[in-house]
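This report concerns only the one structure given below.
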Amino acid sequence: MDNIILIGMPASGKSAAGVLLAKTLGYDFVDSDLVMQRKSGRLLADIIAQDGPEAFIQLEESVNLSLDAHRSIIATGGSAVYGDKAMGKFRLEGTVVYLKTSLETLTKRLKGKSILTRGVVMRTKGETFEDLYKERTPLYEKYADITVDCDGLDIERTVNAICEALKNH
């Protein structure tokens, strides 16, 4: 097990849990969204607004394919699962952990926040967060080596659940 790659919906806790998991395991931490912003010189929301969702997805896959990480926790963007080649690379280079979170929990976490300013890719006009959840869930399940149910868990308990799942994998 070289890298641990966290996938899941926006607000599932990938970045927050990833930092704590890296500290717990003594790994490096990479947030692919931040790498994408640094490489493009723009915020995620600006990339989507200016270039469109499909160009964003292509850029995200390119960035994910270019990551050269070892003994790292990689927190991916929620739309990383649209990039089949990058997800294949992640599975070869580590263990992919899906932070499974119910739509109800995600909705509570995002209440009062705009998902558009977070840089969430909505591929079709009028798509709702629920539509996005239904579209992406099968992709998260497809690519996951391990699934950790995060409902009802705070960040520390999520990290403990990930560590336990990794031990049993």
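Each chain in the structure tokens gets a letter, A, B, ..., in the order shown, and its residues are numbered from 1; ligands are numbered from 1 in order too.
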| request: Would you kindly return, as JSON, numbers by chain, each protein, DNA or RNA residue with an atom no farther than 9 Å from any atom of range 119-129 of chain A, considering only C-alpha atoms and excluding same-chain residues fewer than 3 positions away? | output: {"A": [10, 43, 44, 45, 46, 47, 48, 52, 53, 54, 56, 57, 77, 78, 79, 103, 107, 115, 116, 132, 133, 134]}
| request: List the neighbours of Glu141 in chain A out to 10 Å using only C-alpha atoms; skip same-chain residues closer than 5 positions along the sequence, and give me the result as a VMD selection string. | output: chain A and resid 7 to 8 81 97 to 98 100 136 146 to 147
| request: Please return as a VMD selection string: the residues of range 27-130 of chain A that backbone DSSP assigns to alpha helix (DSSP H). | output: chain A and resid 32 to 40 44 to 51 53 to 66 84 to 93 103 to 110 129 to 130
| Spatial neighbours of Leu99 in chain A, 10 Å, only C-alpha atoms, chain gap at least 2 places, as a list of chain:residue names |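 The filter keeps A:Leu6, A:Ile7, A:Gly8, A:Met9, A:Ala11, A:Ser12, A:Gly13, A:Lys14, A:Ala17, A:Val96, A:Val97, A:Thr101, A:Ser102, A:Tyr140, A:Ala144, A:Ile146, A:Thr147, A:Val148, A:Asp149, A:Cys150, A:Asp151, A:Thr158, A:Ile162.
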| said: Among range 2-90 of chain A, which ones does DSSP assign to strand (DSSP E) (computed from the backbone)? Answer as a list in words. | reply: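 So the strand (DSSP E) residues in range 2-90 of chain A would be Asn3, Ile4, Ile5, Leu6, Ile7, Asp28, Phe29, Val30, Asp31, Ser72, Ile73, Ile74 and Ala75 of chain A.
Among the candidate residues A:Ala86, A:Leu34, A:Ala22, A:Leu92, the one lying nearest to Arg71 in chain A is A:Ala22, with distances computed using only C-alpha atoms.
In this comparison, which uses only C-alpha atoms, the residue of A:Asn168, A:Ser62, A:Asn160, A:Ser72 approaching Met87 in chain A most closely is A:Ser62.
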| field | Length of the CA of Lys89 in chain A to CA of Val30 in chain A vector [Å] | value |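 According to the coordinates, CA of Lys89 in chain A and CA of Val30 in chain A are separated by 15.5 Å.
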| task | Between CA of Asp2 in chain A and CA of Val159 in chain A, measure the distance and give it in Å to one decimal. | result | 17.4 Å
